[in-house]
>>> print(open('entry14.cif').read())   # mmCIF, N, CA and C atoms
data_protein
#
loop_
_atom_site.label_atom_id
_atom_site.label_comp_id
_atom_site.auth_asym_id
_atom_site.auth_seq_id
_atom_site.Cartn_x
_atom_site.Cartn_y
_atom_site.Cartn_z
N MET R 1 -20.92 -11.69 -24.97
CA MET R 1 -20.98 -10.68 -23.91
C MET R 1 -22.27 -9.87 -24.08
N ASN R 2 -23.09 -9.82 -23.05
CA ASN R 2 -24.27 -8.97 -23.02
C ASN R 2 -23.86 -7.64 -22.40
N GLU R 3 -23.70 -6.63 -23.23
CA GLU R 3 -23.18 -5.35 -22.75
C GLU R 3 -24.05 -4.73 -21.67
N ARG R 4 -25.34 -4.83 -21.79
CA ARG R 4 -26.24 -4.27 -20.78
C ARG R 4 -26.00 -4.93 -19.41
N GLU R 5 -25.86 -6.24 -19.40
CA GLU R 5 -25.61 -6.97 -18.16
C GLU R 5 -24.24 -6.61 -17.56
N GLU R 6 -23.24 -6.48 -18.42
CA GLU R 6 -21.91 -6.11 -17.93
C GLU R 6 -21.93 -4.70 -17.32
N LYS R 7 -22.63 -3.78 -17.95
CA LYS R 7 -22.74 -2.43 -17.40
C LYS R 7 -23.47 -2.45 -16.05
N ARG R 8 -24.50 -3.28 -15.93
CA ARG R 8 -25.22 -3.39 -14.67
C ARG R 8 -24.29 -3.89 -13.56
N LYS R 9 -23.46 -4.87 -13.87
CA LYS R 9 -22.52 -5.41 -12.88
C LYS R 9 -21.53 -4.34 -12.42
N ILE R 10 -21.07 -3.54 -13.35
CA ILE R 10 -20.12 -2.48 -13.01
C ILE R 10 -20.80 -1.42 -12.15
N LEU R 11 -22.01 -1.04 -12.49
CA LEU R 11 -22.74 -0.07 -11.66
C LEU R 11 -23.00 -0.62 -10.26
N GLU R 12 -23.22 -1.91 -10.15
CA GLU R 12 -23.39 -2.53 -8.82
C GLU R 12 -22.11 -2.41 -7.98
N ILE R 13 -20.96 -2.48 -8.62
CA ILE R 13 -19.70 -2.32 -7.89
C ILE R 13 -19.62 -0.90 -7.33
N ILE R 14 -20.03 0.08 -8.11
CA ILE R 14 -20.01 1.46 -7.61
C ILE R 14 -20.99 1.62 -6.45
N GLU R 15 -22.16 1.01 -6.55
CA GLU R 15 -23.12 1.05 -5.44
C GLU R 15 -22.54 0.40 -4.18
N THR R 16 -21.83 -0.70 -4.36
CA THR R 16 -21.21 -1.38 -3.22
C THR R 16 -20.08 -0.54 -2.65
N TYR R 17 -19.36 0.17 -3.49
CA TYR R 17 -18.30 1.09 -3.05
C TYR R 17 -18.90 2.13 -2.09
N VAL R 18 -20.03 2.70 -2.49
CA VAL R 18 -20.70 3.69 -1.64
C VAL R 18 -21.12 3.06 -0.31
N LYS R 19 -21.71 1.89 -0.38
CA LYS R 19 -22.14 1.17 0.83
C LYS R 19 -20.95 0.92 1.76
N ALA R 20 -19.83 0.46 1.19
CA ALA R 20 -18.64 0.20 1.99
C ALA R 20 -18.13 1.47 2.65
N PHE R 21 -18.11 2.57 1.90
CA PHE R 21 -17.64 3.84 2.44
C PHE R 21 -18.54 4.32 3.57
N GLU R 22 -19.84 4.34 3.31
CA GLU R 22 -20.77 4.87 4.30
C GLU R 22 -20.85 4.01 5.56
N SER R 23 -20.59 2.72 5.44
CA SER R 23 -20.62 1.84 6.61
C SER R 23 -19.23 1.63 7.21
N ALA R 24 -18.22 2.29 6.63
CA ALA R 24 -16.83 2.17 7.09
C ALA R 24 -16.38 0.71 7.08
N ASP R 25 -16.75 -0.03 6.04
CA ASP R 25 -16.43 -1.44 5.92
C ASP R 25 -15.22 -1.62 4.98
N ALA R 26 -14.04 -1.58 5.58
CA ALA R 26 -12.80 -1.66 4.80
C ALA R 26 -12.67 -3.00 4.07
N ASP R 27 -13.15 -4.07 4.69
CA ASP R 27 -13.05 -5.38 4.03
C ASP R 27 -13.90 -5.42 2.77
N LEU R 28 -15.11 -4.88 2.85
CA LEU R 28 -15.96 -4.82 1.67
C LEU R 28 -15.32 -3.92 0.61
N MET R 29 -14.80 -2.78 1.02
CA MET R 29 -14.14 -1.87 0.07
C MET R 29 -12.98 -2.57 -0.62
N GLN R 30 -12.14 -3.21 0.15
CA GLN R 30 -10.97 -3.88 -0.41
C GLN R 30 -11.36 -4.97 -1.41
N SER R 31 -12.49 -5.63 -1.18
CA SER R 31 -12.92 -6.71 -2.07
C SER R 31 -13.30 -6.23 -3.47
N LEU R 32 -13.44 -4.93 -3.66
CA LEU R 32 -13.85 -4.37 -4.93
C LEU R 32 -12.68 -4.08 -5.87
N PHE R 33 -11.46 -4.27 -5.37
CA PHE R 33 -10.25 -3.90 -6.10
C PHE R 33 -9.36 -5.11 -6.36
N TRP R 34 -8.64 -5.06 -7.47
CA TRP R 34 -7.61 -6.07 -7.77
C TRP R 34 -6.28 -5.59 -7.18
N ILE R 35 -6.17 -5.53 -5.86
CA ILE R 35 -4.96 -4.96 -5.24
C ILE R 35 -3.73 -5.84 -5.39
N ASP R 36 -3.91 -7.13 -5.66
CA ASP R 36 -2.75 -8.01 -5.81
C ASP R 36 -2.25 -8.08 -7.25
N ASP R 37 -2.90 -7.38 -8.14
CA ASP R 37 -2.45 -7.29 -9.53
C ASP R 37 -1.37 -6.20 -9.59
N SER R 38 -0.25 -6.49 -10.22
CA SER R 38 0.87 -5.53 -10.28
C SER R 38 0.49 -4.24 -11.01
N ARG R 39 -0.60 -4.24 -11.76
CA ARG R 39 -1.04 -3.03 -12.48
C ARG R 39 -1.92 -2.13 -11.63
N PHE R 40 -2.31 -2.57 -10.43
CA PHE R 40 -3.19 -1.78 -9.58
C PHE R 40 -2.52 -0.46 -9.18
N ILE R 41 -3.28 0.62 -9.30
CA ILE R 41 -2.78 1.94 -8.90
C ILE R 41 -3.97 2.86 -8.63
N GLU R 42 -3.79 3.78 -7.69
CA GLU R 42 -4.83 4.75 -7.33
C GLU R 42 -4.24 6.15 -7.34
N VAL R 43 -5.07 7.12 -7.61
CA VAL R 43 -4.74 8.54 -7.46
C VAL R 43 -5.92 9.14 -6.71
N GLU R 44 -5.67 9.67 -5.53
CA GLU R 44 -6.73 10.19 -4.67
C GLU R 44 -6.65 11.71 -4.57
N ASN R 45 -7.79 12.31 -4.24
CA ASN R 45 -7.87 13.76 -4.07
C ASN R 45 -6.78 14.31 -3.17
N HIS R 46 -6.59 13.68 -2.04
CA HIS R 46 -5.75 14.22 -0.98
C HIS R 46 -4.34 13.62 -0.94
N ILE R 47 -4.01 12.76 -1.90
CA ILE R 47 -2.68 12.15 -1.96
C ILE R 47 -2.06 12.55 -3.29
N PRO R 48 -1.01 13.36 -3.29
CA PRO R 48 -0.52 13.97 -4.52
C PRO R 48 0.16 13.04 -5.52
N GLU R 49 0.54 11.84 -5.10
CA GLU R 49 1.23 10.95 -6.03
C GLU R 49 0.46 9.63 -6.16
N PRO R 50 0.58 8.97 -7.32
CA PRO R 50 -0.07 7.66 -7.47
C PRO R 50 0.48 6.67 -6.44
N PHE R 51 -0.37 5.74 -6.02
CA PHE R 51 0.08 4.75 -5.05
C PHE R 51 -0.49 3.39 -5.40
N GLY R 52 0.12 2.36 -4.84
CA GLY R 52 -0.27 1.00 -5.13
C GLY R 52 -0.79 0.27 -3.90
N ARG R 53 -0.55 -1.01 -3.89
CA ARG R 53 -1.12 -1.93 -2.92
C ARG R 53 -0.82 -1.55 -1.47
N GLU R 54 0.44 -1.27 -1.14
CA GLU R 54 0.82 -1.03 0.25
C GLU R 54 0.10 0.19 0.83
N ARG R 55 0.09 1.27 0.10
CA ARG R 55 -0.57 2.49 0.60
C ARG R 55 -2.09 2.27 0.68
N PHE R 56 -2.64 1.56 -0.31
CA PHE R 56 -4.07 1.24 -0.29
C PHE R 56 -4.40 0.45 0.97
N LEU R 57 -3.60 -0.57 1.29
CA LEU R 57 -3.84 -1.37 2.49
C LEU R 57 -3.69 -0.54 3.76
N ALA R 58 -2.76 0.42 3.76
CA ALA R 58 -2.61 1.31 4.92
C ALA R 58 -3.87 2.16 5.09
N ILE R 59 -4.45 2.61 3.99
CA ILE R 59 -5.69 3.38 4.06
C ILE R 59 -6.82 2.50 4.60
N MET R 60 -6.90 1.26 4.15
CA MET R 60 -7.93 0.34 4.66
C MET R 60 -7.74 0.10 6.16
N ASP R 61 -6.49 -0.02 6.61
CA ASP R 61 -6.22 -0.19 8.05
C ASP R 61 -6.68 1.05 8.82
N TRP R 62 -6.44 2.25 8.27
CA TRP R 62 -6.89 3.48 8.92
C TRP R 62 -8.42 3.47 9.05
N ILE R 63 -9.10 3.08 7.99
CA ILE R 63 -10.56 3.01 8.03
C ILE R 63 -11.02 2.06 9.13
N ARG R 64 -10.39 0.90 9.21
CA ARG R 64 -10.77 -0.08 10.24
C ARG R 64 -10.62 0.50 11.65
N LYS R 65 -9.58 1.28 11.86
CA LYS R 65 -9.29 1.80 13.20
C LYS R 65 -10.05 3.07 13.54
N TYR R 66 -10.25 3.96 12.56
CA TYR R 66 -10.70 5.31 12.89
C TYR R 66 -11.99 5.78 12.24
N GLN R 67 -12.33 5.28 11.08
CA GLN R 67 -13.51 5.82 10.40
C GLN R 67 -14.78 5.24 11.01
N LYS R 68 -15.67 6.11 11.37
CA LYS R 68 -16.97 5.71 11.92
C LYS R 68 -17.99 5.66 10.78
N PRO R 69 -18.93 4.74 10.86
CA PRO R 69 -20.02 4.74 9.87
C PRO R 69 -20.79 6.05 9.90
N GLY R 70 -21.41 6.37 8.79
CA GLY R 70 -22.25 7.56 8.74
C GLY R 70 -21.78 8.63 7.78
N TRP R 71 -20.57 8.52 7.25
CA TRP R 71 -20.13 9.47 6.24
C TRP R 71 -21.02 9.26 5.01
N LYS R 72 -21.21 10.28 4.22
CA LYS R 72 -22.09 10.20 3.06
C LYS R 72 -21.30 10.38 1.76
N MET R 73 -21.75 9.65 0.74
CA MET R 73 -21.14 9.71 -0.58
C MET R 73 -22.22 9.42 -1.62
N LYS R 74 -22.08 10.09 -2.77
CA LYS R 74 -23.02 9.85 -3.87
C LYS R 74 -22.28 9.97 -5.19
N PHE R 75 -22.37 8.94 -6.03
CA PHE R 75 -21.88 8.99 -7.40
C PHE R 75 -23.06 9.36 -8.30
N TYR R 76 -22.83 10.19 -9.30
CA TYR R 76 -23.89 10.55 -10.23
C TYR R 76 -23.29 10.93 -11.58
N ASP R 77 -24.17 11.07 -12.56
CA ASP R 77 -23.76 11.32 -13.96
C ASP R 77 -22.75 10.26 -14.42
N THR R 78 -22.93 9.03 -13.97
CA THR R 78 -22.00 7.96 -14.29
C THR R 78 -22.25 7.44 -15.70
N LYS R 79 -21.17 7.33 -16.45
CA LYS R 79 -21.19 6.75 -17.79
C LYS R 79 -20.29 5.53 -17.76
N VAL R 80 -20.79 4.40 -18.26
CA VAL R 80 -20.03 3.16 -18.32
C VAL R 80 -19.63 2.91 -19.77
N HIS R 81 -18.36 2.62 -19.98
CA HIS R 81 -17.84 2.34 -21.31
C HIS R 81 -17.16 0.98 -21.30
N ILE R 82 -17.66 0.05 -22.08
CA ILE R 82 -17.08 -1.27 -22.21
C ILE R 82 -16.09 -1.22 -23.37
N LEU R 83 -14.82 -1.48 -23.10
CA LEU R 83 -13.80 -1.43 -24.14
C LEU R 83 -13.54 -2.79 -24.76
N SER R 84 -13.70 -3.84 -23.98
CA SER R 84 -13.49 -5.20 -24.45
C SER R 84 -14.20 -6.13 -23.47
N PRO R 85 -14.21 -7.42 -23.70
CA PRO R 85 -14.84 -8.32 -22.72
C PRO R 85 -14.17 -8.30 -21.34
N GLU R 86 -12.93 -7.78 -21.26
CA GLU R 86 -12.21 -7.76 -19.99
C GLU R 86 -11.90 -6.38 -19.44
N VAL R 87 -12.19 -5.31 -20.17
CA VAL R 87 -11.82 -3.97 -19.73
C VAL R 87 -12.98 -3.01 -19.94
N ALA R 88 -13.24 -2.21 -18.90
CA ALA R 88 -14.27 -1.17 -18.98
C ALA R 88 -13.82 0.00 -18.11
N TYR R 89 -14.44 1.16 -18.34
CA TYR R 89 -14.18 2.28 -17.45
C TYR R 89 -15.46 3.07 -17.24
N THR R 90 -15.46 3.79 -16.11
CA THR R 90 -16.58 4.68 -15.81
C THR R 90 -16.02 6.07 -15.55
N VAL R 91 -16.84 7.06 -15.86
CA VAL R 91 -16.57 8.44 -15.46
C VAL R 91 -17.81 8.89 -14.69
N SER R 92 -17.57 9.57 -13.59
CA SER R 92 -18.66 10.01 -12.71
C SER R 92 -18.28 11.31 -12.04
N LEU R 93 -19.28 11.91 -11.43
CA LEU R 93 -19.06 12.92 -10.42
C LEU R 93 -19.41 12.26 -9.09
N ARG R 94 -18.72 12.69 -8.04
CA ARG R 94 -18.97 12.11 -6.73
C ARG R 94 -19.00 13.22 -5.70
N ASP R 95 -20.07 13.25 -4.92
CA ASP R 95 -20.15 14.15 -3.77
C ASP R 95 -19.84 13.34 -2.53
N GLN R 96 -19.00 13.93 -1.69
CA GLN R 96 -18.62 13.27 -0.44
C GLN R 96 -18.68 14.30 0.66
N SER R 97 -19.37 13.95 1.73
CA SER R 97 -19.48 14.84 2.88
C SER R 97 -18.28 14.63 3.79
N GLU R 98 -17.51 15.69 4.01
CA GLU R 98 -16.34 15.63 4.89
C GLU R 98 -16.46 16.75 5.92
N ASP R 99 -16.60 16.36 7.16
CA ASP R 99 -16.70 17.33 8.26
C ASP R 99 -17.77 18.38 7.99
N GLY R 100 -18.93 17.93 7.49
CA GLY R 100 -20.05 18.82 7.25
C GLY R 100 -19.98 19.58 5.94
N GLU R 101 -18.92 19.43 5.19
CA GLU R 101 -18.76 20.12 3.91
C GLU R 101 -18.85 19.09 2.78
N VAL R 102 -19.61 19.41 1.74
CA VAL R 102 -19.71 18.52 0.58
C VAL R 102 -18.63 18.91 -0.42
N LYS R 103 -17.82 17.93 -0.80
CA LYS R 103 -16.78 18.13 -1.80
C LYS R 103 -17.12 17.26 -3.00
N THR R 104 -16.96 17.83 -4.19
CA THR R 104 -17.25 17.12 -5.43
C THR R 104 -15.95 16.75 -6.12
N SER R 105 -15.91 15.52 -6.61
CA SER R 105 -14.75 15.01 -7.34
C SER R 105 -15.18 14.49 -8.70
N ARG R 106 -14.27 14.60 -9.66
CA ARG R 106 -14.40 13.85 -10.90
C ARG R 106 -13.74 12.51 -10.63
N VAL R 107 -14.38 11.43 -11.09
CA VAL R 107 -13.87 10.09 -10.81
C VAL R 107 -13.82 9.28 -12.11
N THR R 108 -12.69 8.66 -12.33
CA THR R 108 -12.55 7.67 -13.40
C THR R 108 -12.14 6.37 -12.74
N LEU R 109 -12.88 5.31 -13.02
CA LEU R 109 -12.54 3.98 -12.52
C LEU R 109 -12.33 3.07 -13.71
N ILE R 110 -11.24 2.31 -13.69
CA ILE R 110 -10.98 1.33 -14.74
C ILE R 110 -11.21 -0.04 -14.12
N PHE R 111 -11.99 -0.85 -14.82
CA PHE R 111 -12.39 -2.17 -14.34
C PHE R 111 -11.72 -3.23 -15.19
N LEU R 112 -11.29 -4.29 -14.53
CA LEU R 112 -10.70 -5.44 -15.20
C LEU R 112 -11.53 -6.66 -14.82
N LYS R 113 -11.83 -7.48 -15.80
CA LYS R 113 -12.61 -8.69 -15.55
C LYS R 113 -11.67 -9.89 -15.63
N LYS R 114 -11.59 -10.60 -14.50
CA LYS R 114 -10.79 -11.82 -14.42
C LYS R 114 -11.69 -12.91 -13.88
N GLU R 115 -11.59 -14.10 -14.46
CA GLU R 115 -12.36 -15.25 -13.98
C GLU R 115 -13.84 -14.90 -13.78
N ASN R 116 -14.36 -14.15 -14.76
CA ASN R 116 -15.77 -13.75 -14.80
C ASN R 116 -16.17 -12.79 -13.67
N GLU R 117 -15.20 -12.05 -13.13
CA GLU R 117 -15.49 -11.10 -12.04
C GLU R 117 -14.86 -9.75 -12.35
N TRP R 118 -15.70 -8.71 -12.33
CA TRP R 118 -15.22 -7.34 -12.50
C TRP R 118 -14.74 -6.81 -11.15
N ARG R 119 -13.60 -6.12 -11.17
CA ARG R 119 -13.11 -5.36 -10.02
C ARG R 119 -12.37 -4.14 -10.56
N ILE R 120 -12.08 -3.23 -9.67
CA ILE R 120 -11.38 -1.99 -10.03
C ILE R 120 -9.88 -2.26 -10.03
N ILE R 121 -9.22 -1.88 -11.13
CA ILE R 121 -7.77 -2.00 -11.25
C ILE R 121 -7.09 -0.63 -11.11
N HIS R 122 -7.87 0.43 -11.35
CA HIS R 122 -7.33 1.79 -11.24
C HIS R 122 -8.46 2.75 -10.91
N GLY R 123 -8.18 3.67 -10.03
CA GLY R 123 -9.13 4.74 -9.72
C GLY R 123 -8.41 6.07 -9.70
N HIS R 124 -9.05 7.09 -10.25
CA HIS R 124 -8.51 8.45 -10.22
C HIS R 124 -9.61 9.38 -9.74
N PHE R 125 -9.32 10.09 -8.64
CA PHE R 125 -10.27 10.99 -7.99
C PHE R 125 -9.62 12.38 -7.94
N SER R 126 -10.30 13.39 -8.49
CA SER R 126 -9.79 14.76 -8.49
C SER R 126 -10.90 15.71 -8.07
N TYR R 127 -10.61 16.53 -7.04
CA TYR R 127 -11.60 17.53 -6.62
C TYR R 127 -11.93 18.48 -7.77
N VAL R 128 -13.20 18.83 -7.89
CA VAL R 128 -13.62 19.85 -8.84
C VAL R 128 -13.31 21.19 -8.21
N PRO R 129 -12.59 22.07 -8.92
CA PRO R 129 -12.29 23.39 -8.34
C PRO R 129 -13.57 24.16 -8.03
N LYS R 130 -13.53 24.91 -6.96
CA LYS R 130 -14.70 25.71 -6.59
C LYS R 130 -14.77 26.95 -7.43
#
>>> encode(input="entry14.cif", output="structure tokens")
Amino acid sequence: MNEREEKRKILEIIETYVKAFESADADLMQSLFWIDDSRFIEVENHIPEPFGRERFLAIMDWIRKYQKPGWKMKFYDTKVHILSPEVAYTVSLRDQSEDGEVKTSRVTLIFLKKENEWRIIHGHFSYVPK
């Protein structure tokens, strides 16, 4: 395992996440996650309880129907930690423009590598208190 190359691949996933969000591309966003893995779970800023595949797919459907391209998002201060050849996590700050207001979140993403492909198995997003 070349750790530098693995970290680059993980950072590319985060870049693609931003691209998917800003272009309102739910299919691209969905492709970044292992949603069919029984361990998949998300915790979002605006959803008080952890959720799995069904709620995630409902959010992707909402994006397809209602979200217009042009929203802005930026991940920064990202640290990548490789735990094993199949598991890694990142911690970041993320700014997201919502209705003209920038909101900052702390973000932890856990990545799982299957069949030589990294994807997100868990994400936790928490607003930073003002």
>>> atom_distance(input="entry14.cif", atom1="atom N of R:Leu28", atom2="atom C of R:Arg106")
22.0 Å
>>> residues_around(input="entry14.cif", residues="R:His46", least_positions_apart="2", cutoff="9 Å", atoms="only C-alpha atoms", output="PyMOL selection string")
chain R and resi 43-44+48+125-127
>>> select_by_dssp(input="entry14.cif", residues="chain R", states="strand (DSSP E)", output="number ranges by chain")
R: 41-44, 47-51, 73-82, 87-98, 101-114, 117-127
>>> resolve_selection(input="entry14.cif", expression="the PyMOL selection byres (((chain R and resi 113 and name CA) around 10) and name CA)", output="PyMOL selection string")
chain R and resi 6+34+84-88+111-112+114-121
>>> atom_distance(input="entry14.cif", atom1="atom C of R:Ile14", atom2="atom CA of R:Ile110")
13.0 Å
>>> resolve_selection(input="entry14.cif", expression="the PyMOL selection byres ((chain R and resi 60-70) around 7)", output="PyMOL selection string")
chain R and resi 21-27+55-59+71-72
>>> atom_distance(input="entry14.cif", atom1="atom CA of R:Pro50", atom2="atom CA of R:Ile10")
23.1 Å
>>> closest_residue(input="entry14.cif", among="R:His81, R:Lys74, R:Arg53, R:Lys9", to="R:Ser38", atoms="only C-alpha atoms")
R:Arg53
>>> resolve_selection(input="entry14.cif", expression="the PyMOL selection byres ((chain R and resi 109) around 6)", output="PyMOL selection string")
chain R and resi 88-91+107-108+110-111+122-124
>>> closest_residue(input="entry14.cif", among="R:Ile82, R:Ile47, R:Ile35, R:Val128", to="R:Arg94", atoms="only C-alpha atoms")
R:Val128
>>> select_by_dssp(input="entry14.cif", residues="stretch 11-129 of chain R", states="alpha helix (DSSP H)", output="ChimeraX atom specification")
/R:11-22,26-30,53-66
>>> closest_residue(input="entry14.cif", among="R:Lys19, R:Asp37, R:Phe51, R:Glu5", to="R:Met73", atoms="only N, CA and C atoms")
R:Lys19
>>> decode(input="entry14.cif", residues="stretch 47-91 of chain R", atoms="C-alpha atoms", output="PDB file, in the first residue's frame")
ATOM      1  CA  ILE R  47     -31.294  15.471  10.941  1.00  0.00           C
ATOM      2  CA  PRO R  48     -31.165  14.694  14.676  1.00  0.00           C
ATOM      3  CA  GLU R  49     -30.870  10.906  14.452  1.00  0.00           C
ATOM      4  CA  PRO R  50     -28.519   8.599  12.526  1.00  0.00           C
ATOM      5  CA  PHE R  51     -29.978   7.249   9.299  1.00  0.00           C
ATOM      6  CA  GLY R  52     -29.182   4.600   6.745  1.00  0.00           C
ATOM      7  CA  ARG R  53     -29.805   3.698   3.140  1.00  0.00           C
ATOM      8  CA  GLU R  54     -33.524   4.514   2.822  1.00  0.00           C
ATOM      9  CA  ARG R  55     -33.291   8.040   4.221  1.00  0.00           C
ATOM     10  CA  PHE R  56     -30.107   8.669   2.218  1.00  0.00           C
ATOM     11  CA  LEU R  57     -31.913   7.633  -0.984  1.00  0.00           C
ATOM     12  CA  ALA R  58     -34.850   9.895  -0.059  1.00  0.00           C
ATOM     13  CA  ILE R  59     -32.408  12.800   0.270  1.00  0.00           C
ATOM     14  CA  MET R  60     -30.908  11.955  -3.138  1.00  0.00           C
ATOM     15  CA  ASP R  61     -34.442  11.916  -4.628  1.00  0.00           C
ATOM     16  CA  TRP R  62     -35.097  15.353  -3.090  1.00  0.00           C
ATOM     17  CA  ILE R  63     -31.886  16.662  -4.663  1.00  0.00           C
ATOM     18  CA  ARG R  64     -32.932  15.288  -8.060  1.00  0.00           C
ATOM     19  CA  LYS R  65     -36.316  17.009  -7.843  1.00  0.00           C
ATOM     20  CA  TYR R  66     -35.597  20.293  -6.081  1.00  0.00           C
ATOM     21  CA  GLN R  67     -31.953  21.264  -5.679  1.00  0.00           C
ATOM     22  CA  LYS R  68     -30.674  23.635  -8.323  1.00  0.00           C
ATOM     23  CA  PRO R  69     -26.988  23.786  -9.253  1.00  0.00           C
ATOM     24  CA  GLY R  70     -25.029  26.689  -7.862  1.00  0.00           C
ATOM     25  CA  TRP R  71     -24.925  26.026  -4.127  1.00  0.00           C
ATOM     26  CA  LYS R  72     -21.400  26.442  -2.755  1.00  0.00           C
ATOM     27  CA  MET R  73     -19.369  24.183  -0.487  1.00  0.00           C
ATOM     28  CA  LYS R  74     -15.740  24.074   0.609  1.00  0.00           C
ATOM     29  CA  PHE R  75     -13.863  21.472   2.670  1.00  0.00           C
ATOM     30  CA  TYR R  76     -10.662  22.665   4.351  1.00  0.00           C
ATOM     31  CA  ASP R  77      -8.177  21.764   7.086  1.00  0.00           C
ATOM     32  CA  THR R  78      -8.692  18.162   5.968  1.00  0.00           C
ATOM     33  CA  LYS R  79      -6.567  15.500   7.619  1.00  0.00           C
ATOM     34  CA  VAL R  80      -6.506  11.973   6.175  1.00  0.00           C
ATOM     35  CA  HIS R  81      -5.737   9.045   8.463  1.00  0.00           C
ATOM     36  CA  ILE R  82      -5.130   5.579   7.016  1.00  0.00           C
ATOM     37  CA  LEU R  83      -5.963   2.951   9.645  1.00  0.00           C
ATOM     38  CA  SER R  84      -5.446  -0.164   7.535  1.00  0.00           C
ATOM     39  CA  PRO R  85      -5.364  -1.117   3.845  1.00  0.00           C
ATOM     40  CA  GLU R  86      -9.195  -1.094   3.896  1.00  0.00           C
ATOM     41  CA  VAL R  87     -10.147   1.633   6.400  1.00  0.00           C
ATOM     42  CA  ALA R  88      -9.391   5.351   6.573  1.00  0.00           C
ATOM     43  CA  TYR R  89     -11.005   8.465   7.959  1.00  0.00           C
ATOM     44  CA  THR R  90     -10.861  12.186   7.383  1.00  0.00           C
ATOM     45  CA  VAL R  91     -11.618  15.137   9.612  1.00  0.00           C
TER      46      VAL R  91
END
